[in-house]
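*Asks:* Below you'll find the structure I mean.
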Amino acid sequence: MNDMIHTLLAHRSIRKFTDDPIPDDHIEVATRAGQMASTSSAVQAYCAIRVTNPDSRRVIADLAGPQQKVADAPAFFVICGDARRHRLLCECAGQKYRQQLEGFLISVIDATLFAQNMVIAFESLGYGICYIGGIRNDLARVAEVLRLPIGVYPIFGLCVGKPAESPDERPRLPTPGVLFEDTYPTDEEVFAQIDAYDAAYAAYLAKRGASATGWSRAMVKKMDHASRLTLGPFYREQGADLD
């Protein structure tokens, strides 16, 4: 164990924050830490938009749920895959941007690695965070509020602030259930890991006062229908070639 591993293992999603502001130098250093994440061939296809306008925050908070923490968190960012600068460079060089699905995947992967490095930096400074996938409920409206040009793909939001709560650890799948050697396990082995996890997950929910549902049942409920069907059309409208 060292301080870095302790920080990683201590992660909790924080949904209640104090009113303490985040100094600009903390935001800058966390962003720099984000930039030091691995990136494919130095492409750096990402950006973070810090949303400070209260009206914009309120609109995005409503679109995301509503989720009041989006409006109230001391800092809120929209993390985007960003191929805009690459498109502009190709245009200036008289070339066509031809990245197709690979280019879109690189932007999503790069942006996610960037964001996670930011998160680790913020948490090491004593802040809490919560990723906000709910912005994908209506990305067209989010893009309108943020005035996003072609080539910029909003992926998720990020709330940051001093924690005003101390939630229990949400159990994860057993490590042998995600770390395999040489080959993927048999279905029987997968089910054995899920069965072991179900009991721990149900106990966690019961402790929170929620219905003690196993993880497997929750996943079936979540996965038996499609959601956010506008994502493909939106990203294509933003310039992503998903072929």
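By convention here, the chains of the structure tokens are called A, B, ... in the order presented, each chain's residues are numbered starting at 1, and ligands are numbered starting at 1 in the order presented.
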Among region 6-243 of chain A, which ones does DSSP place in helix (DSSP H, G or I), written as a ChimeraX atom specification?
*Replies:* /A:6-9,24-35,40-42,54-63,68-72,84-92,100-124,133-146,175-177,187-207,215-223,231-237
*Asks:* Could you give me, as a PyMOL selection string, the residues within 7 Å of Asp110 (chain A), counting only C-alpha atoms and dropping anything in the same chain fewer than 3 positions from it?
*Replies:* chain A and resi 39+44-46+106-107+113-114
*Asks:* Those residues you just picked out, can you put them in a file as a compact mmCIF listing (two decimals), in the first residue's frame with N, CA and C atoms?
*Replies:*
```txt
# COMPACT_ATOMS: atom_id res chain seq x y z
N THR A 39 -2.33 8.94 -24.06
CA THR A 39 -3.15 9.37 -25.19
C THR A 39 -2.60 8.72 -26.45
N GLN A 44 -4.46 13.47 -28.19
CA GLN A 44 -5.07 14.35 -27.18
C GLN A 44 -6.45 14.86 -27.61
N ALA A 45 -7.31 13.91 -27.92
CA ALA A 45 -8.63 14.24 -28.47
C ALA A 45 -9.66 14.41 -27.34
N TYR A 46 -9.47 15.42 -26.52
CA TYR A 46 -10.36 15.64 -25.38
C TYR A 46 -10.38 17.11 -25.00
N ILE A 106 -11.07 6.77 -30.31
CA ILE A 106 -9.90 7.40 -29.71
C ILE A 106 -10.31 8.61 -28.89
N SER A 107 -11.25 9.40 -29.40
CA SER A 107 -11.67 10.59 -28.66
C SER A 107 -12.37 10.20 -27.35
N LEU A 113 -9.71 8.67 -20.12
CA LEU A 113 -8.45 8.59 -19.39
C LEU A 113 -8.09 9.95 -18.80
N PHE A 114 -8.26 11.00 -19.56
CA PHE A 114 -8.02 12.37 -19.09
C PHE A 114 -8.87 12.68 -17.86
```
*Asks:* Measure the distance from CA of Asn137 (chain A) to CA of Asp62 (chain A) in Å and round it to one decimal.
*Replies:*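 About the pair CA of Asn137 (chain A) and CA of Asp62 (chain A): they are 10.0 Å apart.
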*Asks:* Can you pull out every residue within 10 Å of Ala212 (chain A), counting only C-alpha atoms, but drop anything in the same chain fewer than 4 positions away, and send it as a list in words?
*Replies:*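 Here the qualifying residues turn out to be Asp198, Ala199, Ala200, Tyr201, Ala202, Ala203, Tyr204, Leu205, Ala206, Lys207 and Arg208 of chain A.
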*Asks:* Just to be explicit: take each residue in the selection above, keep C-alpha atoms, and write the result as a PDB file, in the first residue's frame.
*Replies:*
```
ATOM      1  CA  ASP A 198     -25.011 -10.920  -5.409  1.00  0.00           C
ATOM      2  CA  ALA A 199     -25.046 -11.525  -1.662  1.00  0.00           C
ATOM      3  CA  ALA A 200     -22.528  -8.747  -0.948  1.00  0.00           C
ATOM      4  CA  TYR A 201     -24.393  -6.313  -3.198  1.00  0.00           C
ATOM      5  CA  ALA A 202     -27.767  -7.067  -1.609  1.00  0.00           C
ATOM      6  CA  ALA A 203     -26.272  -6.558   1.862  1.00  0.00           C
ATOM      7  CA  TYR A 204     -24.876  -3.187   0.771  1.00  0.00           C
ATOM      8  CA  LEU A 205     -28.279  -2.043  -0.507  1.00  0.00           C
ATOM      9  CA  ALA A 206     -30.018  -3.232   2.663  1.00  0.00           C
ATOM     10  CA  LYS A 207     -27.570  -1.212   4.767  1.00  0.00           C
ATOM     11  CA  ARG A 208     -28.504   1.870   2.738  1.00  0.00           C
TER      12      ARG A 208
END
```
*Asks:* Give me the residues within 12 Å of Gln100 (chain A) as a ChimeraX atom specification, counting only C-alpha atoms and dropping any in the same chain fewer than 4 places off.
*Replies:* /A:83,96,104-107,151,235-236,239-243
*Asks:* Can I get the selected residues back with N, CA and C atoms, as a PDB file, in the first residue's frame?
*Replies:*
```pdb
ATOM      1  N   ALA A  83     -12.380  16.264 -31.430  1.00  0.00           N
ATOM      2  CA  ALA A  83     -11.677  16.127 -32.709  1.00  0.00           C
ATOM      3  C   ALA A  83     -11.706  17.430 -33.492  1.00  0.00           C
ATOM      4  N   LYS A  96      -8.954  15.977 -46.074  1.00  0.00           N
ATOM      5  CA  LYS A  96     -10.217  15.633 -45.460  1.00  0.00           C
ATOM      6  C   LYS A  96      -9.979  14.823 -44.197  1.00  0.00           C
ATOM      7  N   PHE A 104     -13.455   8.274 -33.547  1.00  0.00           N
ATOM      8  CA  PHE A 104     -14.422   8.520 -32.482  1.00  0.00           C
ATOM      9  C   PHE A 104     -14.045   7.743 -31.230  1.00  0.00           C
ATOM     10  N   LEU A 105     -13.653   6.470 -31.403  1.00  0.00           N
ATOM     11  CA  LEU A 105     -13.240   5.675 -30.247  1.00  0.00           C
ATOM     12  C   LEU A 105     -12.033   6.288 -29.546  1.00  0.00           C
ATOM     13  N   ILE A 106     -11.070   6.769 -30.306  1.00  0.00           N
ATOM     14  CA  ILE A 106      -9.899   7.399 -29.708  1.00  0.00           C
ATOM     15  C   ILE A 106     -10.309   8.606 -28.889  1.00  0.00           C
ATOM     16  N   SER A 107     -11.249   9.404 -29.402  1.00  0.00           N
ATOM     17  CA  SER A 107     -11.672  10.588 -28.655  1.00  0.00           C
ATOM     18  C   SER A 107     -12.371  10.204 -27.352  1.00  0.00           C
ATOM     19  N   GLY A 151     -17.408  18.127 -34.312  1.00  0.00           N
ATOM     20  CA  GLY A 151     -16.170  17.489 -33.897  1.00  0.00           C
ATOM     21  C   GLY A 151     -15.975  17.434 -32.399  1.00  0.00           C
ATOM     22  N   TYR A 235     -24.349  11.996 -32.262  1.00  0.00           N
ATOM     23  CA  TYR A 235     -22.909  11.993 -32.523  1.00  0.00           C
ATOM     24  C   TYR A 235     -22.621  12.083 -34.018  1.00  0.00           C
ATOM     25  N   ARG A 236     -23.470  11.466 -34.834  1.00  0.00           N
ATOM     26  CA  ARG A 236     -23.289  11.606 -36.284  1.00  0.00           C
ATOM     27  C   ARG A 236     -23.490  13.057 -36.710  1.00  0.00           C
ATOM     28  N   GLY A 239     -20.546  15.094 -36.286  1.00  0.00           N
ATOM     29  CA  GLY A 239     -19.435  14.813 -37.171  1.00  0.00           C
ATOM     30  C   GLY A 239     -18.789  13.462 -37.003  1.00  0.00           C
ATOM     31  N   ALA A 240     -19.280  12.648 -36.055  1.00  0.00           N
ATOM     32  CA  ALA A 240     -18.682  11.329 -35.847  1.00  0.00           C
ATOM     33  C   ALA A 240     -19.124  10.376 -36.957  1.00  0.00           C
ATOM     34  N   ASP A 241     -18.161   9.686 -37.531  1.00  0.00           N
ATOM     35  CA  ASP A 241     -18.451   8.627 -38.497  1.00  0.00           C
ATOM     36  C   ASP A 241     -18.345   7.311 -37.723  1.00  0.00           C
ATOM     37  N   LEU A 242     -19.468   6.660 -37.485  1.00  0.00           N
ATOM     38  CA  LEU A 242     -19.483   5.458 -36.656  1.00  0.00           C
ATOM     39  C   LEU A 242     -19.360   4.179 -37.453  1.00  0.00           C
ATOM     40  N   ASP A 243     -19.018   4.277 -38.729  1.00  0.00           N
ATOM     41  CA  ASP A 243     -18.848   3.092 -39.585  1.00  0.00           C
ATOM     42  C   ASP A 243     -17.408   2.578 -39.525  1.00  0.00           C
TER      43      ASP A 243
END
```
*Asks:* Report the distance between CA of Leu179 (chain A) and CA of Arg12 (chain A) in Å, rounded to one decimal place.
*Replies:* 21.8 Å
*Asks:* Taking only C-alpha atoms into account, which of A:Ile27, A:Ile14, A:Met1, A:Ala115 comes nearest Pro167 (chain A)?
*Replies:*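 That would be A:Ile14, the residue with the smallest distance to Pro167 (chain A).
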*Asks:* Do you have, as a tab-separated table, the list of residues of region 132-198 of chain A lying at most 12 Å from region 8-11 of chain A, each with its nearest atom pair and that distance in Å to one decimal, counting only C-alpha atoms and ordered by chain then number?
*Replies:*
```
residue	atom	partner	partner_atom	distance
A:Pro163	CA	A:His11	CA	11.6
A:Ser166	CA	A:His11	CA	10.5
A:Pro167	CA	A:His11	CA	9.9
A:Asp168	CA	A:Ala10	CA	10.0
A:Glu169	CA	A:His11	CA	8.0
A:Arg170	CA	A:His11	CA	9.6
A:Pro171	CA	A:Leu9	CA	11.2
A:Arg172	CA	A:Leu9	CA	11.2
```
*Asks:* Counting only C-alpha atoms, what is within 10 Å of region 186-193 of chain A, bar same-chain residues fewer than 5 positions away, as a list in words?
*Replies:*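 Answer for this query is Leu173, Pro174, Thr175, Pro176, Gly177, Val178, Asp198 and Ser216 of chain A.
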*Asks:* Name the residues in contact with Ala61 (chain A) at a cut-off of 6 Å, using only C-alpha atoms, excluding same-chain residues fewer than 6 positions from it; report them as a PDB file with N, CA and C atoms, in the first residue's frame.
*Replies:*
```pdb
ATOM      1  N   GLN A  67     -30.885  16.541 -11.598  1.00  0.00           N
ATOM      2  CA  GLN A  67     -29.900  16.221 -10.565  1.00  0.00           C
ATOM      3  C   GLN A  67     -29.423  17.535  -9.945  1.00  0.00           C
ATOM      4  N   VAL A  70     -25.731  18.828  -9.807  1.00  0.00           N
ATOM      5  CA  VAL A  70     -25.107  19.453 -10.969  1.00  0.00           C
ATOM      6  C   VAL A  70     -25.188  20.972 -10.857  1.00  0.00           C
ATOM      7  N   ALA A  71     -26.302  21.472 -10.355  1.00  0.00           N
ATOM      8  CA  ALA A  71     -26.462  22.907 -10.175  1.00  0.00           C
ATOM      9  C   ALA A  71     -25.685  23.430  -8.973  1.00  0.00           C
TER      10      ALA A  71
END
```
*Asks:* For CA of Phe77 (chain A) and CA of Pro149 (chain A), quote the distance in Å rounded to one decimal.
*Replies:*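 CA of Pro149 (chain A) lies at a distance of 17.2 Å from CA of Phe77 (chain A).
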*Asks:* With distances taken over only C-alpha atoms, which residue among A:Val78, A:Leu231, A:Val108, A:Cys159 lies nearest Glu123 (chain A)?
*Replies:*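 Among A:Val78, A:Leu231, A:Val108, A:Cys159, it is A:Cys159 that comes nearest to Glu123 (chain A).
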*Asks:* List as JSON, numbers by chain the protein and nucleic acid residues near Gln238 (chain A), meaning an atom at most 9 Å away when only C-alpha atoms are counted, but skip any in the same chain fewer than 5 places from it.
*Replies:* {"A": [148, 149, 150, 151, 152, 153, 233]}
*Asks:* Go ahead and save the picked residues with N, CA and C atoms, as a compact mmCIF listing (two decimals), in the first residue's frame.
*Replies:*
```
# COMPACT_ATOMS: atom_id res chain seq x y z
N LEU A 148 -21.40 23.90 -28.82
CA LEU A 148 -20.35 22.98 -29.27
C LEU A 148 -20.32 22.90 -30.80
N PRO A 149 -19.16 23.08 -31.39
CA PRO A 149 -19.04 22.97 -32.85
C PRO A 149 -18.93 21.51 -33.28
N ILE A 150 -18.97 21.28 -34.58
CA ILE A 150 -18.78 19.95 -35.14
C ILE A 150 -17.42 19.40 -34.71
N GLY A 151 -17.41 18.13 -34.31
CA GLY A 151 -16.17 17.49 -33.90
C GLY A 151 -15.97 17.43 -32.40
N VAL A 152 -16.91 18.00 -31.64
CA VAL A 152 -16.82 17.95 -30.17
C VAL A 152 -17.98 17.09 -29.67
N TYR A 153 -17.64 16.05 -28.89
CA TYR A 153 -18.60 15.04 -28.49
C TYR A 153 -18.72 14.99 -26.96
N PRO A 233 -27.63 9.15 -33.59
CA PRO A 233 -27.93 10.28 -34.47
C PRO A 233 -27.24 11.57 -34.03
```
*Asks:* Which of these, A:Ala30, A:Ile22, A:Ile135, A:Val43, has the shortest distance to Lys162 (chain A) once you count only C-alpha atoms?
*Replies:*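 Result for the nearest residue to Lys162 (chain A): A:Ile22.
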